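One structure below.
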Amino acid sequence: MSVSPSRRPIVKGFYDPGTSSIQYVAACPVTKRCAIIDPVLDFDETSGKTGTRNADAILAHIAAQGFTVEWILDTHPHADHFSAATYLRRRTGAPTAIGDQIGNVQALWKKIYNWPDLPADGSQWDHLFADGEEFRIGDVPAFVMFSPGHTLASVTYVIGDAAFVHDTLFMPDGGTARCDFPGGSAKRMWQSIQAIVALPDVRTRTLRCICAKSATRRCRCQS
Ligand SMILES: [Fe+2]
């Protein structure tokens with residue numbers, strides 16, 4: 001069985017050596033509408049300043065390809081980098097989204113970091129995806145899989161024949177991400193991975209890992 005070329009997104013990864021993470025743009029080949037997945041907001045640990053070099057490189061690619069941004073997607077709240085979703089929303093006007101369990105993670109943070117003013121309802125994003133919710137990137141059908149284990153709120157985005165599995169599965173030599181964050185669970189990670197590898201091959205290429213380890217630097221998601 002083959003996938004219609006119009007339902008196979010054009011995917012480009014953008015590697016950030018500072019965090020060893022990979023950001024993605026997935027685009028409909030027909031309509032040229034696209035999603036940005038897990039964009040990194042640069043952070044200089046010495047000065048404490050943020051930057052947009054990564055996000056601007058993504059925007060330059062989108063402009064060069066003539067793409068229109070339809071969604072800005074986070075797979076989970078990241079421990080190793082800030083999200084550039086808000087910056088990209090400001091630049092593109094596209095809505096931001098994350099899984100609808102994000103409030104559970106924020107409730108943990110609120111307590112651990114003694115941050116009473118933090119709204120723990122996911123209102124920082126425009127849309128919260130439910131498990132199994134369907135959406136589209138142009139003509140390419142997409143849906144959301146709840147994939148907890150690494151965090152309480154992790155999701156996988158299945159866009160056409162590509163599954164953006166974030167920090168569930170890394171490259172074969174990297175294994176999985178850590179499960180010892182507050183709310184993490186090795187058991188739930190195992191179950192999430194089983195659900196991912198059970199996806200029909202015709203729809204997925206499951207090695208689109210968001211946070212692959214660098215050969216020269218250990219990813220802080222793993223440390
Ligand atoms: Fe992560």
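Lettering and numbering for the structure tokens are positional, with chains as A, B, ... in the shown order, residues counted from 1 in each chain, and ligands counted from 1 in the shown order.
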Which residues of segment 97-182 of chain A come within 7 Å of segment 66-77 of chain A, and for each one, what is the closest pair of atoms and their distance in Å to one decimal, counting only C-alpha atoms, sorted by chain and residue number, as a tab-separated table?
```
residue	atom	partner	partner_atom	distance
A:Ala97	CA	A:Leu73	CA	5.0
A:Ile98	CA	A:Asp74	CA	5.1
A:Ile137	CA	A:Glu70	CA	6.6
A:Ala153	CA	A:His76	CA	5.9
A:Ser154	CA	A:His76	CA	4.6
A:Val155	CA	A:Thr75	CA	5.2
A:Thr156	CA	A:Thr75	CA	6.4
A:His166	CA	A:Thr75	CA	6.3
```
Would you list the contacts of His61 of chain A as number ranges by chain, taking every protein, DNA or RNA residue within 12 Å and counting only C-alpha atoms, but skipping same-chain residues closer than 4 positions in sequence? A: 11-14, 24-27, 34, 36, 54-57, 65-69
Considering only C-alpha atoms, state which residue in the set A:Gly149, A:Pro141, A:Gly132, A:Pro39 is at the smallest distance from Arg178 of chain A.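 Checking each of A:Gly149, A:Pro141, A:Gly132, A:Pro39 against Arg178 of chain A, counting only C-alpha atoms, the winner is A:Gly149.
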Which is closer to Ile10 of chain A than all the others in A:Ile22, A:Met171, A:Ala177, A:Cys28, using only C-alpha atoms?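 The answer is A:Cys28, which sits nearest to Ile10 of chain A.
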Would you kindly return, as a list in words, each protein, DNA or RNA residue with an atom no farther than 7 Å from any atom of Ile102 of chain A, considering only C-alpha atoms and excluding same-chain residues fewer than 3 positions away? Gly99, Val105, Gln106, Gly122 and Ala153 of chain A
Now that the selection is made, can you save its residues with C-alpha atoms as a JSON list (two decimals), in the first residue's frame?
```json
[["chain", "number", "residue", "atom", "x", "y", "z"],
["A", 99, "GLY", "CA", -1.58, 18.64, 24.40],
["A", 105, "VAL", "CA", 2.46, 19.78, 34.36],
["A", 106, "GLN", "CA", 1.92, 23.44, 35.13],
["A", 122, "GLY", "CA", -2.63, 25.93, 29.29],
["A", 153, "ALA", "CA", 1.49, 16.12, 28.85]]
```
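Note that atom CA of Asp44 of chain A and atom CA of Gly93 of chain A are 26.5 Å apart.
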